[in-house]
file protein19.cif (mmCIF, C-alpha atoms)
data_data
#
loop_
_atom_site.label_atom_id
_atom_site.label_comp_id
_atom_site.auth_asym_id
_atom_site.auth_seq_id
_atom_site.Cartn_x
_atom_site.Cartn_y
_atom_site.Cartn_z
CA MET S 1 12.93 -15.30 7.59
CA ASP S 2 15.78 -12.94 6.71
CA GLU S 3 14.51 -9.75 8.34
CA SER S 4 17.09 -7.65 6.47
CA ARG S 5 15.06 -8.36 3.31
CA LEU S 6 11.68 -7.87 4.98
CA SER S 7 9.58 -5.21 3.28
CA ARG S 8 5.94 -4.16 3.44
CA VAL S 9 6.10 -2.31 0.12
CA GLU S 10 8.13 -2.86 -3.03
CA LEU S 11 8.36 -1.35 -6.50
CA THR S 12 8.11 -2.92 -9.91
CA ARG S 13 10.90 -2.07 -12.34
CA GLU S 14 8.46 0.19 -14.23
CA ALA S 15 7.55 2.07 -11.04
CA ALA S 16 11.23 2.55 -10.17
CA ASP S 17 11.94 3.86 -13.70
CA LEU S 18 9.06 6.33 -13.44
CA LEU S 19 10.19 7.47 -9.98
CA ARG S 20 13.68 8.17 -11.36
CA ARG S 21 12.21 10.39 -14.10
CA LEU S 22 9.81 12.12 -11.71
CA THR S 23 12.53 12.72 -9.11
CA ALA S 24 14.73 14.36 -11.78
CA ARG S 25 11.83 16.72 -12.55
CA HIS S 26 10.32 17.32 -9.08
CA GLY S 27 13.07 16.50 -6.58
CA PRO S 28 12.53 14.11 -3.64
CA LEU S 29 9.13 12.37 -3.64
CA MET S 30 6.77 10.59 -1.27
CA PHE S 31 3.71 8.34 -1.56
CA HIS S 32 0.49 8.51 0.42
CA GLN S 33 -2.25 5.88 0.27
CA SER S 34 -5.51 7.21 1.69
CA GLY S 35 -7.98 4.47 0.84
CA GLY S 36 -10.85 6.62 -0.38
CA CYS S 37 -12.91 5.67 -3.38
CA CYS S 38 -11.87 6.17 -7.01
CA ASP S 39 -8.46 7.86 -7.16
CA GLY S 40 -8.31 7.80 -3.36
CA SER S 41 -7.65 4.08 -3.55
CA ALA S 42 -4.54 4.67 -5.70
CA PRO S 43 -1.21 5.66 -4.19
CA MET S 44 -0.65 9.37 -4.64
CA CYS S 45 2.88 10.59 -5.37
CA TYR S 46 3.81 14.09 -4.20
CA PRO S 47 6.97 16.15 -3.88
CA ALA S 48 8.38 15.29 -0.44
CA ASN S 49 6.96 17.44 2.37
CA GLU S 50 4.12 18.84 0.21
CA PHE S 51 1.65 16.43 1.81
CA LEU S 52 1.48 16.76 5.56
CA THR S 53 1.43 13.51 7.48
CA SER S 54 0.49 13.13 11.13
CA ASP S 55 -0.35 10.59 13.81
CA ALA S 56 -3.27 9.66 11.54
CA ASP S 57 -0.77 8.08 9.11
CA VAL S 58 1.58 5.09 9.23
CA LEU S 59 4.99 5.03 7.54
CA LEU S 60 5.14 1.60 5.86
CA ALA S 61 8.40 1.89 3.97
CA ALA S 62 11.27 4.05 2.79
CA LEU S 63 11.56 2.80 -0.78
CA VAL S 64 15.07 2.69 -2.18
CA VAL S 65 15.14 3.50 -5.88
CA PRO S 66 18.44 2.77 -7.65
CA ASP S 67 20.13 5.99 -8.84
CA VAL S 68 17.87 8.18 -6.66
CA GLN S 69 19.59 9.82 -3.71
CA ASP S 70 16.69 10.00 -1.26
CA ALA S 71 14.46 7.08 -0.29
CA VAL S 72 10.78 7.55 -1.18
CA PRO S 73 8.61 7.29 1.96
CA PHE S 74 5.38 5.32 1.57
CA TRP S 75 2.68 6.50 4.00
CA MET S 76 -0.82 5.13 4.52
CA SER S 77 -3.70 6.54 6.50
CA ARG S 78 -4.01 4.69 9.81
CA VAL S 79 -7.66 3.85 9.08
CA GLN S 80 -6.74 2.30 5.72
CA TYR S 81 -3.81 0.46 7.31
CA GLU S 82 -6.21 -1.34 9.64
CA TYR S 83 -7.88 -2.84 6.55
CA TRP S 84 -4.63 -3.57 4.71
CA LYS S 85 -2.27 -4.54 7.52
CA HIS S 86 -2.34 -8.19 6.45
CA THR S 87 -1.07 -7.35 2.96
CA HIS S 88 2.23 -6.84 1.18
CA LEU S 89 2.00 -4.01 -1.36
CA THR S 90 3.68 -3.62 -4.73
CA VAL S 91 3.66 -0.22 -6.44
CA ASP S 92 3.22 -0.67 -10.19
CA VAL S 93 2.52 1.63 -13.15
CA VAL S 94 -0.30 1.22 -15.67
CA PRO S 95 -1.40 3.29 -18.67
CA GLY S 96 -4.15 5.79 -17.98
CA ARG S 97 -4.66 9.06 -16.26
CA GLY S 98 -4.87 9.09 -12.48
CA SER S 99 -5.58 11.99 -10.18
CA GLY S 100 -4.48 15.48 -11.13
CA PHE S 101 -2.81 15.83 -7.73
CA SER S 102 -0.33 12.99 -8.18
CA VAL S 103 2.88 14.02 -9.99
CA GLU S 104 2.68 11.24 -12.60
CA ALA S 105 -0.72 12.45 -13.92
CA PRO S 106 0.71 14.40 -16.91
CA GLU S 107 2.75 11.34 -17.98
CA GLY S 108 -0.29 9.39 -19.24
CA VAL S 109 0.29 6.67 -16.64
CA ARG S 110 -0.72 6.14 -13.04
CA PHE S 111 0.62 4.33 -10.04
CA LEU S 112 -1.37 1.29 -8.94
CA ILE S 113 -1.15 -0.97 -5.89
CA ARG S 114 -1.02 -4.72 -6.31
CA SER S 115 -1.33 -6.68 -3.10
CA ARG S 116 -1.06 -10.14 -1.65
CA LEU S 117 -1.58 -11.49 1.83
CA LEU S 118 1.50 -11.55 4.03
CA THR S 119 3.03 -14.96 4.47
CA ASP S 120 2.85 -16.45 7.97
CA ALA S 121 6.57 -15.68 8.42
CA GLU S 122 6.10 -12.05 7.32
CA ALA S 123 3.10 -11.56 9.59
CA GLU S 124 5.01 -13.04 12.52
CA ALA S 125 8.05 -10.84 11.82
CA TRP S 126 5.80 -7.75 11.75
CA GLY S 127 3.88 -8.85 14.86
CA ILE S 128 0.58 -9.02 13.00
CA GLN S 129 -2.02 -11.56 14.03
CA PRO S 130 -3.52 -13.51 11.14
CA PRO S 131 -6.99 -12.32 10.12
CA SER S 132 -9.96 -14.20 11.49
CA LEU S 133 -11.35 -16.32 8.70
CA LEU S 134 -14.95 -17.17 9.36
CA GLY S 135 -16.57 -19.93 7.39
CA PRO S 136 -20.30 -20.39 6.92
CA GLU S 137 -20.57 -22.47 10.10
CA ALA S 138 -19.16 -19.65 12.21
CA LEU S 139 -21.72 -17.29 10.74
CA PHE S 140 -24.76 -19.54 10.31
CA GLY S 141 -24.18 -22.61 12.49
CA PRO S 142 -23.77 -26.20 11.33
CA PRO S 143 -25.52 -27.37 8.15
CA GLY S 144 -29.22 -27.85 8.71
CA ALA S 145 -29.36 -25.54 11.75
CA ALA S 146 -31.99 -22.85 11.93
CA PRO S 147 -30.82 -19.46 10.64
CA PRO S 148 -29.73 -16.92 13.29
CA GLY S 149 -32.74 -15.16 14.77
CA LEU S 150 -34.92 -18.24 14.34
CA ARG S 151 -33.11 -20.33 16.92
CA HIS S 152 -34.70 -20.83 20.34
#
call {"tool": "encode", "arguments": {"input": "protein19.cif", "output": "C-alpha cells"}}
result
Amino acid sequence: MDESRLSRVELTREAADLLRRLTARHGPLMFHQSGGCCDGSAPMCYPANEFLTSDADVLLAALVVPDVQDAVPFWMSRVQYEYWKHTHLTVDVVPGRGSGFSVEAPEGVRFLIRSRLLTDAEAEAWGIQPPSLLGPEALFGPPGAAPPGLRH
C-alpha cells in the first residue's frame, strides 16, 4: 500500500466546500469526535484552539482542504477511538441542524461521519490488529450443544 496516500479520515467535496466557507468566516478550524449520544456522535467543528484537547484525545488526521492555508486537525476521544480504531472515516455534510456548539449549525447543515472498516492493508499499515469476529459457535458452542450455564 502506498503509505503516502494513507489516511484515517477524508472529506467529501461538500465537506471541503463548507470548510472553506467556515474558515473564511471563523479562521482556522478543528474537528473533535467525542462519541456521546445524539449530537455527541457527530463530529463537532470549532475554531482552532477553542476546544482543549489532552492525553484523553487522539489526533487522527490533519485534513488538507484545497484553498485553505491551515490543515484542519481531526481529534477523537481516546475512549471513542478504541471503538472506532478499525474504521476509516469520511466527513460529509447533510441538511439539518446539528449542535449549537459546532460552527456549521447556523448554516442549516451538519457534519456527519460515514465509516467503513479498514482494509487489511490499511490496518497493517496502521499497526491495528483485526477485530475478533465471534460467530455463534464461539459464543454458544457447536450446533446442538447445551446452552452455556447448562453444560456439565
call {"tool": "closest_atom_pairs", "arguments": {"input": "protein19.cif", "of": "range 40-146 of chain S", "to": "range 5-21 of chain S", "cutoff": "8 Å", "atoms": "all atoms listed in the file", "output": "CSV"}}
result
residue,atom,partner,partner_atom,distance
S:Leu60,CA,S:Arg8,CA,6.3
S:Ala61,CA,S:Val9,CA,6.1
S:Leu63,CA,S:Glu10,CA,7.0
S:Val65,CA,S:Ala16,CA,5.9
S:Pro66,CA,S:Ala16,CA,7.6
S:Asp67,CA,S:Arg20,CA,7.3
S:Val68,CA,S:Arg20,CA,6.3
S:Phe74,CA,S:Val9,CA,7.8
S:Thr87,CA,S:Arg8,CA,7.7
S:His88,CA,S:Arg8,CA,5.1
S:Leu89,CA,S:Val9,CA,4.7
S:Thr90,CA,S:Glu10,CA,4.8
S:Val91,CA,S:Leu11,CA,4.8
S:Asp92,CA,S:Ala15,CA,5.2
S:Val93,CA,S:Ala15,CA,5.5
S:Phe111,CA,S:Ala15,CA,7.4
S:Glu122,CA,S:Leu6,CA,7.4
call {"tool": "resolve_selection", "arguments": {"input": "protein19.cif", "expression": "the PyMOL selection byres ((chain S and resi 107) around 10)", "output": "list in words"}}
result
Leu18, Leu22, Pro95, Gly96, Arg97, Gly98, Val103, Glu104, Ala105, Pro106, Gly108, Val109 and Arg110 of chain S
call {"tool": "residues_around", "arguments": {"input": "protein19.cif", "residues": "Asn49 in chain S", "least_positions_apart": "3", "cutoff": "10 Å", "atoms": "all atoms listed in the file", "output": "list in words"}}
result
Pro28, Leu29, Met30, Tyr46, Leu52 and Thr53 of chain S
call {"tool": "atom_distance", "arguments": {"input": "protein19.cif", "atom1": "CA of Arg78 in chain S", "atom2": "CA of Asp55 in chain S"}}
result
8.0 Å
call {"tool": "atom_distance", "arguments": {"input": "protein19.cif", "atom1": "CA of His32 in chain S", "atom2": "CA of Phe51 in chain S"}}
result
8.1 Å
call {"tool": "closest_residue", "arguments": {"input": "protein19.cif", "among": "S:Trp126, S:Phe101, S:Trp84, S:Trp75", "to": "Ser54 in chain S", "atoms": "all atoms listed in the file"}}
result
S:Trp75
call {"tool": "closest_residue", "arguments": {"input": "protein19.cif", "among": "S:His86, S:Val64, S:Pro47, S:Ser34", "to": "Ala125 in chain S", "atoms": "all atoms listed in the file"}}
result
S:His86
call {"tool": "atom_distance", "arguments": {"input": "protein19.cif", "atom1": "CA of Lys85 in chain S", "atom2": "CA of Arg116 in chain S"}}
result
10.8 Å
call {"tool": "axis_aligned_box", "arguments": {"input": "protein19.cif", "around": "range 6-19 of chain S", "padding_each_side": "6 Å", "output": "lines of an AutoDock Vina configuration file"}}
result
center_x = 8.9
center_y = -0.2
center_z = -4.6
size_x = 18.0
size_y = 27.3
size_z = 31.2
call {"tool": "resolve_selection", "arguments": {"input": "protein19.cif", "expression": "the PyMOL selection byres ((chain S and resi 44) around 6)", "output": "list in words"}}
result
Phe31, His32, Pro43, Cys45 and Ser102 of chain S
call {"tool": "closest_residue", "arguments": {"input": "protein19.cif", "among": "S:Ala48, S:Leu118, S:Ala24, S:Ala56", "to": "Gln80 in chain S", "atoms": "all atoms listed in the file"}}
result
S:Ala56
call {"tool": "decode", "arguments": {"input": "protein19.cif", "residues": "range 10-35 of chain S", "atoms": "C-alpha atoms", "output": "PDB file, in the first residue's frame"}}
result
ATOM      1  CA  GLU S  10     -11.086  12.139   4.494  1.00  0.00           C
ATOM      2  CA  LEU S  11     -13.543  14.808   3.369  1.00  0.00           C
ATOM      3  CA  THR S  12     -16.286  14.729   0.795  1.00  0.00           C
ATOM      4  CA  ARG S  13     -16.269  17.564  -1.729  1.00  0.00           C
ATOM      5  CA  GLU S  14     -19.285  19.073   0.075  1.00  0.00           C
ATOM      6  CA  ALA S  15     -17.475  18.979   3.431  1.00  0.00           C
ATOM      7  CA  ALA S  16     -14.396  20.641   1.908  1.00  0.00           C
ATOM      8  CA  ASP S  17     -16.577  23.370   0.342  1.00  0.00           C
ATOM      9  CA  LEU S  18     -18.263  24.041   3.687  1.00  0.00           C
ATOM     10  CA  LEU S  19     -14.912  24.122   5.499  1.00  0.00           C
ATOM     11  CA  ARG S  20     -13.654  26.737   3.022  1.00  0.00           C
ATOM     12  CA  ARG S  21     -16.665  28.961   3.753  1.00  0.00           C
ATOM     13  CA  LEU S  22     -16.439  28.416   7.509  1.00  0.00           C
ATOM     14  CA  THR S  23     -12.691  29.084   7.572  1.00  0.00           C
ATOM     15  CA  ALA S  24     -13.242  32.396   5.741  1.00  0.00           C
ATOM     16  CA  ARG S  25     -15.716  33.361   8.483  1.00  0.00           C
ATOM     17  CA  HIS S  26     -14.097  31.860  11.617  1.00  0.00           C
ATOM     18  CA  GLY S  27     -10.413  31.420  10.787  1.00  0.00           C
ATOM     19  CA  PRO S  28      -8.564  28.108  11.301  1.00  0.00           C
ATOM     20  CA  LEU S  29     -10.809  25.218  12.381  1.00  0.00           C
ATOM     21  CA  MET S  30     -10.590  21.824  14.067  1.00  0.00           C
ATOM     22  CA  PHE S  31     -12.842  18.778  14.489  1.00  0.00           C
ATOM     23  CA  HIS S  32     -13.465  16.761  17.633  1.00  0.00           C
ATOM     24  CA  GLN S  33     -15.398  13.490  17.708  1.00  0.00           C
ATOM     25  CA  SER S  34     -16.461  12.610  21.244  1.00  0.00           C
ATOM     26  CA  GLY S  35     -18.743   9.635  20.724  1.00  0.00           C
TER      27      GLY S  35
END
